[in-house]
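Below is structure.cif, which holds mmCIF, C-alpha atoms.
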```cif
data_input
#
loop_
_atom_site.label_atom_id
_atom_site.label_comp_id
_atom_site.auth_asym_id
_atom_site.auth_seq_id
_atom_site.Cartn_x
_atom_site.Cartn_y
_atom_site.Cartn_z
CA MET A 49 0.00 0.00 0.00
CA LYS A 50 1.46 3.33 -1.02
CA ALA A 51 1.76 6.04 1.58
CA THR A 52 -0.49 8.98 0.84
CA ARG A 53 1.48 12.21 0.47
CA ARG A 54 -0.50 14.99 1.98
CA PHE A 55 -0.29 18.60 0.94
CA GLY A 56 1.95 20.55 3.29
CA ILE A 57 5.51 21.48 3.99
CA GLY A 58 7.31 18.46 2.60
CA SER A 59 10.91 19.27 3.51
CA ASN A 60 13.21 21.53 5.44
CA ARG A 61 14.11 23.20 2.15
CA ASN A 62 10.48 24.06 1.47
CA LEU A 63 10.11 25.31 5.03
CA ARG A 64 13.07 27.65 4.58
CA TYR A 65 11.67 28.95 1.29
CA LEU A 66 8.30 29.57 2.88
CA LEU A 67 9.78 31.37 5.88
CA LEU A 68 11.99 33.50 3.64
CA ALA A 69 8.98 34.41 1.53
CA LEU A 70 6.99 35.37 4.62
CA VAL A 71 9.87 37.47 5.94
CA ALA A 72 10.20 39.20 2.58
CA VAL A 73 6.47 39.93 2.45
CA GLY A 74 6.54 41.20 6.06
CA ALA A 75 9.56 43.42 5.42
CA THR A 76 7.96 44.83 2.30
CA ALA A 77 4.72 45.52 4.17
CA PHE A 78 6.54 47.30 6.98
CA GLY A 79 8.59 49.23 4.43
CA VAL A 80 5.49 50.35 2.58
CA LEU A 81 3.77 51.31 5.82
CA GLY A 82 6.82 53.23 7.05
CA TYR A 83 7.21 55.00 3.72
CA GLY A 84 3.51 55.79 3.69
CA ALA A 85 3.61 57.25 7.19
CA SER A 86 6.67 59.36 6.35
CA LEU A 87 5.04 60.51 3.11
CA LEU A 88 1.87 61.51 4.95
CA GLN A 89 3.91 63.47 7.50
CA SER A 90 5.80 65.22 4.69
CA LEU A 91 2.54 66.08 2.92
CA GLU A 92 1.05 67.40 6.16
CA GLY A 93 4.14 69.51 6.74
CA SER A 94 3.89 70.92 3.23
CA THR A 95 0.25 71.88 3.74
CA ILE A 96 1.15 73.60 7.02
CA ASN A 97 3.88 75.56 5.22
CA THR A 98 1.40 76.56 2.52
CA ARG A 99 -1.13 77.71 5.11
CA PHE A 100 1.47 79.91 6.83
CA THR A 101 2.48 81.35 3.45
CA VAL A 102 -1.12 82.14 2.51
CA ARG A 103 -1.79 83.69 5.91
CA GLY A 104 1.20 85.96 5.55
CA LYS A 105 3.39 87.56 8.18
CA GLN A 106 1.64 88.43 11.43
CA ASP A 107 2.23 91.31 13.81
CA VAL A 108 5.50 90.79 15.63
CA PRO A 109 4.96 90.33 19.39
CA LYS A 110 6.34 93.33 21.24
CA ASN A 111 6.96 91.37 24.42
CA LEU A 112 9.46 88.83 23.02
CA MET A 113 13.19 89.05 22.35
CA VAL A 114 15.72 86.37 21.44
CA VAL A 115 19.22 86.55 22.90
CA ALA A 116 21.31 84.64 20.37
CA ILE A 117 24.73 83.07 20.81
CA ASP A 118 25.92 84.03 17.33
CA ALA A 119 29.10 84.87 15.44
CA LYS A 120 29.13 88.38 16.91
CA THR A 121 29.09 86.88 20.40
CA PHE A 122 32.23 84.82 19.80
CA GLN A 123 33.93 87.78 18.16
CA ASP A 124 33.09 90.10 21.06
CA LEU A 125 33.76 87.78 23.98
CA ARG A 126 36.68 85.85 22.49
CA GLN A 127 35.53 82.79 24.44
CA PRO A 128 34.83 79.23 23.27
CA PHE A 129 31.49 77.67 24.13
CA PRO A 130 30.40 76.67 26.71
CA PHE A 131 31.07 80.00 28.39
CA PRO A 132 32.06 80.35 32.05
CA ARG A 133 28.96 80.28 34.25
CA ALA A 134 29.84 83.74 35.56
CA VAL A 135 29.58 85.09 32.00
CA GLU A 136 26.15 83.52 31.58
CA GLY A 137 25.17 84.78 35.03
CA ARG A 138 26.14 88.33 34.14
CA ALA A 139 24.02 88.16 30.97
CA ILE A 140 21.06 86.97 33.05
CA SER A 141 21.60 89.84 35.50
CA THR A 142 21.70 92.40 32.69
CA ILE A 143 18.52 91.00 31.15
CA SER A 144 16.86 90.84 34.57
CA ALA A 145 17.56 94.55 35.08
CA GLN A 146 15.16 95.22 32.18
CA HIS A 147 12.39 93.61 34.30
CA PRO A 148 11.23 90.92 31.86
CA ALA A 149 8.26 88.72 32.70
CA ALA A 150 10.39 85.61 32.18
CA ILE A 151 13.90 84.59 31.11
CA ALA A 152 14.08 81.26 29.26
CA ALA A 153 17.66 79.95 29.34
CA ASP A 154 17.93 77.30 26.62
CA ILE A 155 21.44 76.23 27.67
CA GLN A 156 22.39 72.92 29.27
CA PHE A 157 23.69 73.46 32.81
CA SER A 158 23.67 69.84 33.97
CA GLU A 159 27.41 69.54 34.65
CA ALA A 160 29.46 71.35 37.26
CA SER A 161 31.67 74.15 35.92
CA PRO A 162 35.23 73.04 35.10
CA LEU A 163 36.34 76.40 36.54
CA GLY A 164 35.26 75.44 40.03
CA GLN A 165 32.49 76.05 42.53
CA ASN A 166 32.81 79.84 42.55
CA ASP A 167 31.88 79.91 38.87
CA ASP A 168 28.70 77.91 39.57
CA VAL A 169 27.89 80.13 42.54
CA ALA A 170 28.08 83.20 40.28
CA LEU A 171 25.36 81.71 38.05
CA LEU A 172 23.24 80.68 41.04
CA THR A 173 23.49 84.19 42.49
CA ALA A 174 22.36 85.76 39.22
CA ILE A 175 19.40 83.38 38.95
CA ASN A 176 18.45 84.02 42.57
CA ASN A 177 18.59 87.80 42.01
CA ALA A 178 16.21 87.46 39.05
CA HIS A 179 13.44 86.78 41.60
CA GLY A 180 11.67 83.81 40.08
CA LYS A 181 11.91 84.85 36.43
CA VAL A 182 14.38 82.22 35.16
CA VAL A 183 13.40 78.99 33.40
CA VAL A 184 16.23 76.53 32.74
CA SER A 185 16.17 74.01 29.90
CA ASP A 186 17.26 70.38 30.28
CA ASN A 187 17.17 67.57 27.71
CA GLU A 188 17.80 64.58 30.00
CA PRO A 189 15.24 64.53 32.83
CA THR A 190 14.62 61.37 34.79
CA ASP A 191 11.33 59.48 34.43
CA ALA A 192 10.15 61.35 37.54
CA GLY A 193 10.89 64.72 35.91
CA ASN A 194 13.99 65.53 37.98
CA VAL A 195 16.99 67.19 36.32
CA SER A 196 20.71 67.45 36.94
CA PHE A 197 21.94 70.99 37.54
CA LEU A 198 25.51 72.18 38.09
CA GLY A 199 26.58 68.62 38.87
CA SER A 200 23.82 68.02 41.41
CA GLN A 201 21.49 65.07 40.86
CA LYS A 202 18.88 67.01 42.84
CA GLY A 203 18.80 69.81 40.31
CA THR A 204 15.06 70.44 40.56
CA ALA A 205 15.35 71.15 44.27
CA LEU A 206 18.45 73.30 43.73
CA LEU A 207 16.67 75.38 41.07
CA LYS A 208 13.67 75.78 43.35
CA SER A 209 15.94 77.07 46.12
CA VAL A 210 17.00 80.00 43.90
CA GLY A 211 13.50 80.65 42.56
CA ALA A 212 13.96 79.02 39.13
CA ARG A 213 12.06 76.26 37.34
CA PRO A 214 13.36 73.41 35.16
CA SER A 215 11.87 72.52 31.79
CA GLU A 216 12.37 70.07 28.92
CA GLY A 217 13.93 71.82 25.94
CA SER A 218 13.31 69.19 23.24
CA PHE A 219 10.93 69.41 20.30
CA PRO A 220 9.45 66.64 18.14
CA PHE A 221 10.98 66.66 14.65
CA ASP A 222 9.00 66.43 11.43
CA PRO A 223 10.58 64.68 8.40
CA GLY A 224 13.67 66.52 7.27
CA GLY A 225 14.50 67.65 10.81
CA VAL A 226 11.97 70.50 10.68
CA ILE A 227 10.43 71.79 13.93
CA ARG A 228 6.75 72.61 13.53
CA GLN A 229 5.25 71.20 16.70
CA THR A 230 5.59 71.13 20.46
CA VAL A 231 4.30 68.98 23.32
CA TYR A 232 3.11 69.67 26.86
CA LYS A 233 5.64 67.54 28.72
CA ILE A 234 8.37 64.98 28.15
CA GLN A 235 9.21 62.37 30.82
CA ASN A 236 6.97 64.10 33.36
CA LEU A 237 8.71 67.46 32.87
CA LYS A 238 6.85 70.36 31.23
CA THR A 239 8.48 71.75 28.12
CA LEU A 240 10.36 75.05 27.90
CA SER A 241 7.56 76.95 26.12
CA VAL A 242 4.93 75.78 28.60
CA VAL A 243 6.92 76.66 31.73
CA THR A 244 8.03 80.02 30.30
CA ALA A 245 4.41 80.93 29.53
CA GLU A 246 3.41 79.98 33.08
CA VAL A 247 6.18 82.08 34.63
CA ALA A 248 5.43 85.08 32.39
CA THR A 249 1.65 85.04 32.89
CA HIS A 250 1.50 83.62 36.44
CA LYS A 251 -1.14 81.23 35.09
CA ARG A 252 -1.08 77.47 34.66
CA VAL A 253 -1.11 76.28 31.05
CA ALA A 254 -3.92 73.77 30.59
CA PRO A 255 -2.51 70.30 29.86
CA PHE A 256 -2.89 68.99 26.32
CA THR A 257 -2.13 65.63 24.73
CA GLY A 258 -0.21 64.85 21.59
CA ASN A 259 1.68 67.26 19.40
CA LYS A 260 0.44 70.79 18.80
CA PHE A 261 1.50 72.95 15.87
CA ILE A 262 3.46 76.08 16.76
CA ASP A 263 1.76 79.30 15.68
CA PHE A 264 4.77 80.94 14.03
CA VAL A 265 4.27 84.65 13.33
CA GLY A 266 6.80 84.59 10.50
CA PRO A 267 10.02 83.02 9.20
CA SER A 268 13.31 82.80 11.07
CA GLY A 269 14.43 86.24 12.24
CA THR A 270 10.91 87.61 12.68
CA ILE A 271 11.24 87.89 16.46
CA PRO A 272 13.66 90.72 17.37
CA TYR A 273 16.98 89.49 18.67
CA VAL A 274 20.24 90.73 20.13
CA SER A 275 23.57 88.97 20.42
CA PHE A 276 24.43 87.30 23.70
CA SER A 277 27.47 89.58 23.94
CA GLN A 278 25.14 92.59 23.88
CA ALA A 279 23.26 91.13 26.82
CA TYR A 280 26.56 90.46 28.56
CA TRP A 281 27.88 94.00 28.04
CA GLY A 282 24.50 95.63 28.52
CA THR A 283 24.63 97.37 25.14
CA TYR A 284 21.01 96.81 24.18
CA SER A 285 17.55 97.65 25.36
CA GLY A 286 14.34 95.70 25.58
CA THR A 287 12.43 98.81 24.55
CA LYS A 288 11.41 99.72 21.01
CA HIS A 289 14.26 100.93 18.76
CA GLY A 290 16.78 100.26 21.57
CA LYS A 291 16.65 103.81 22.92
CA LYS A 292 17.76 102.89 26.43
CA LEU A 293 21.35 101.71 26.41
CA HIS A 294 23.68 100.72 29.16
CA GLU A 295 24.77 103.97 30.86
CA GLN A 296 28.48 103.44 30.28
CA ASP A 297 27.86 102.66 26.62
CA ARG A 298 25.86 105.88 26.25
CA ARG A 299 28.73 107.91 27.69
CA ASP A 300 31.23 106.19 25.40
CA ARG A 301 29.11 106.89 22.33
CA ARG A 302 28.59 110.51 23.38
CA ASP A 303 32.36 110.96 23.60
CA GLY A 304 32.88 109.33 20.21
CA HIS A 305 34.42 106.10 21.56
CA GLN A 306 33.45 102.48 21.14
CA PRO A 307 32.13 100.76 24.28
CA GLN A 308 34.98 99.57 26.44
CA ARG A 309 35.50 95.81 26.14
CA HIS A 310 37.13 94.01 29.04
CA SER A 311 37.94 90.33 29.08
CA PRO A 312 34.98 88.37 30.51
CA GLU A 313 37.32 86.54 32.90
CA LEU A 314 37.66 89.77 34.90
CA HIS A 315 34.00 89.67 35.87
CA ARG A 316 33.73 86.24 37.48
#
```
Taking this structure as input, can you express it in the form of structure tokens?
Amino acid sequence: MKATRRFGIGSNRNLRYLLLALVAVGATAFGVLGYGASLLQSLEGSTINTRFTVRGKQDVPKNLMVVAIDAKTFQDLRQPFPFPRAVEGRAISTISAQHPAAIAADIQFSEASPLGQNDDVALLTAINNAHGKVVVSDNEPTDAGNVSFLGSQKGTALLKSVGARPSEGSFPFDPGGVIRQTVYKIQNLKTLSVVTAEVATHKRVAPFTGNKFIDFVGPSGTIPYVSFSQAYWGTYSGTKHGKKLHEQDRRDRRDGHQPQRHSPELHR
């Protein structure tokens, strides 16, 4: 009596072929899905760009100013980055003297200063003297929302002791590395924009879920900005047209001289 050969996987070779085929189909499916998702995100981003273009440039907020670490800053200060904490502290003090509603410091301060404790103390003193206006950015909070600050693993408590608040400075990226959206919190830490708004308005921002598109008022450079070195030297004003300058700078300009530039190390 002949054995009946049933339909099925008849050999190890057939089994391998079938498994390879299934893997290939699965990989193709995932590839198509991934490409489709990326394509949809790109299309959505393009429509957002078009909507902003059609809407046109909006009125520039009069209560915002960017302090940029730019080429002028490195030329003026003659310092590599990261700067000494005392330099950053002096910039915060100069900005604070203009009585802003909030100062958002998007600089990582997680490690202790290589220049020693006195350098860190200079930054802490400046933040403390800003009287609750400073928001510090951090990109590596713990799952509980705690941050490292100036080498301390209890950074959140340290910031609180000088009247400052920590925040998460990251943004979700759209395809192509474009930033169009923000979120409410990351790893149980509110984001920089949310905390800054709360400090400036003295009101809690209502929690929201998922990503929210940023309501840009215009392209890059729309918000007025000054160089970090200008904030350090005090040669700028937060008022319209920059009419109020640092008093020493005004005297120098009146006498026909350029503002006196001392090495930042002298001010630690």
Result set of the PyMOL selection byres ((chain A and resi 217-220) around 6) on the coordinates above, as a PyMOL selection string: chain A and resi 185-187+216+221+230+239-240
Shell around A:Val169 at 10 Å using only C-alpha atoms, local window under 6 positions removed, as a VMD selection string: chain A and resid 133 to 134 137 161 175 198 316
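Ranking A:Phe157, A:Met113, A:Val195, A:Pro130 by their shortest atom-to-atom distance to A:Ile143, with all atoms listed in the file included, puts A:Met113 first.
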Residue contacts of A:Leu207 (9 Å, only C-alpha atoms) excluding same-chain residues fewer than 5 positions away, as a PDB file with C-alpha atoms, keeping the file's coordinate frame:
```
ATOM      1  CA  LEU A 172      23.240  80.680  41.040  1.00  0.00           C
ATOM      2  CA  ILE A 175      19.400  83.380  38.950  1.00  0.00           C
ATOM      3  CA  ASN A 176      18.450  84.020  42.570  1.00  0.00           C
ATOM      4  CA  VAL A 184      16.230  76.530  32.740  1.00  0.00           C
ATOM      5  CA  PHE A 197      21.940  70.990  37.540  1.00  0.00           C
ATOM      6  CA  LYS A 202      18.880  67.010  42.840  1.00  0.00           C
ATOM      7  CA  ALA A 212      13.960  79.020  39.130  1.00  0.00           C
ATOM      8  CA  ARG A 213      12.060  76.260  37.340  1.00  0.00           C
ATOM      9  CA  PRO A 214      13.360  73.410  35.160  1.00  0.00           C
TER      10      PRO A 214
END
```
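You can rank A:Thr283, A:Thr173, A:Thr190, A:Ser277 by their closest distance to A:Ala119 using all atoms listed in the file, and at the top of that list sits A:Ser277.
Contact shell of A:Gly199 at 7 Å (all atoms listed in the file; same-chain neighbours under 4 positions omitted): Ser158, Glu159 and Ala160 of chain A.
For the atom pair formed by atom CA of A:Val108 and atom CA of A:Ile262, the distance is 14.9 Å, given to one decimal.
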Between atom CA of A:Ser209 and atom CA of A:Gln278, distance in Å (one decimal): 28.6 Å
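Counting all atoms listed in the file and comparing A:Leu237, A:Val231, A:Leu163, A:Ile151, the residue that lies closest to A:Pro189 is A:Leu237.
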Within 9 Å of A:Lys120, counting all atoms listed in the file, which residues qualify if same-chain residues fewer than 2 places away don't, as a PDB file with C-alpha atoms, in the coordinates of the input?
```pdb
ATOM      1  CA  ILE A 117      24.730  83.070  20.810  1.00  0.00           C
ATOM      2  CA  ASP A 118      25.920  84.030  17.330  1.00  0.00           C
ATOM      3  CA  PHE A 122      32.230  84.820  19.800  1.00  0.00           C
ATOM      4  CA  GLN A 123      33.930  87.780  18.160  1.00  0.00           C
ATOM      5  CA  ASP A 124      33.090  90.100  21.060  1.00  0.00           C
ATOM      6  CA  LEU A 125      33.760  87.780  23.980  1.00  0.00           C
ATOM      7  CA  SER A 275      23.570  88.970  20.420  1.00  0.00           C
ATOM      8  CA  PHE A 276      24.430  87.300  23.700  1.00  0.00           C
ATOM      9  CA  SER A 277      27.470  89.580  23.940  1.00  0.00           C
TER      10      SER A 277
END
```
Pick from A:Ser268, A:Lys251, A:Leu206, A:Asn194 nearest to A:Gln235, counting all atoms listed in the file: A:Asn194
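Computed from the coordinates, the atom CA of A:Ile140 to atom CA of A:Asn236 distance equals 26.9 Å.
For the residues A:Gly203, A:Pro162, A:Pro255, A:Pro223, ranking by smallest atom-to-atom distance to A:Glu188 using all atoms listed in the file places A:Gly203 first.
Take the candidates A:His250, A:Lys181, A:Arg126, A:Lys233 and check each one against A:Ala153 using all atoms listed in the file; the shortest distance goes to A:Lys181.
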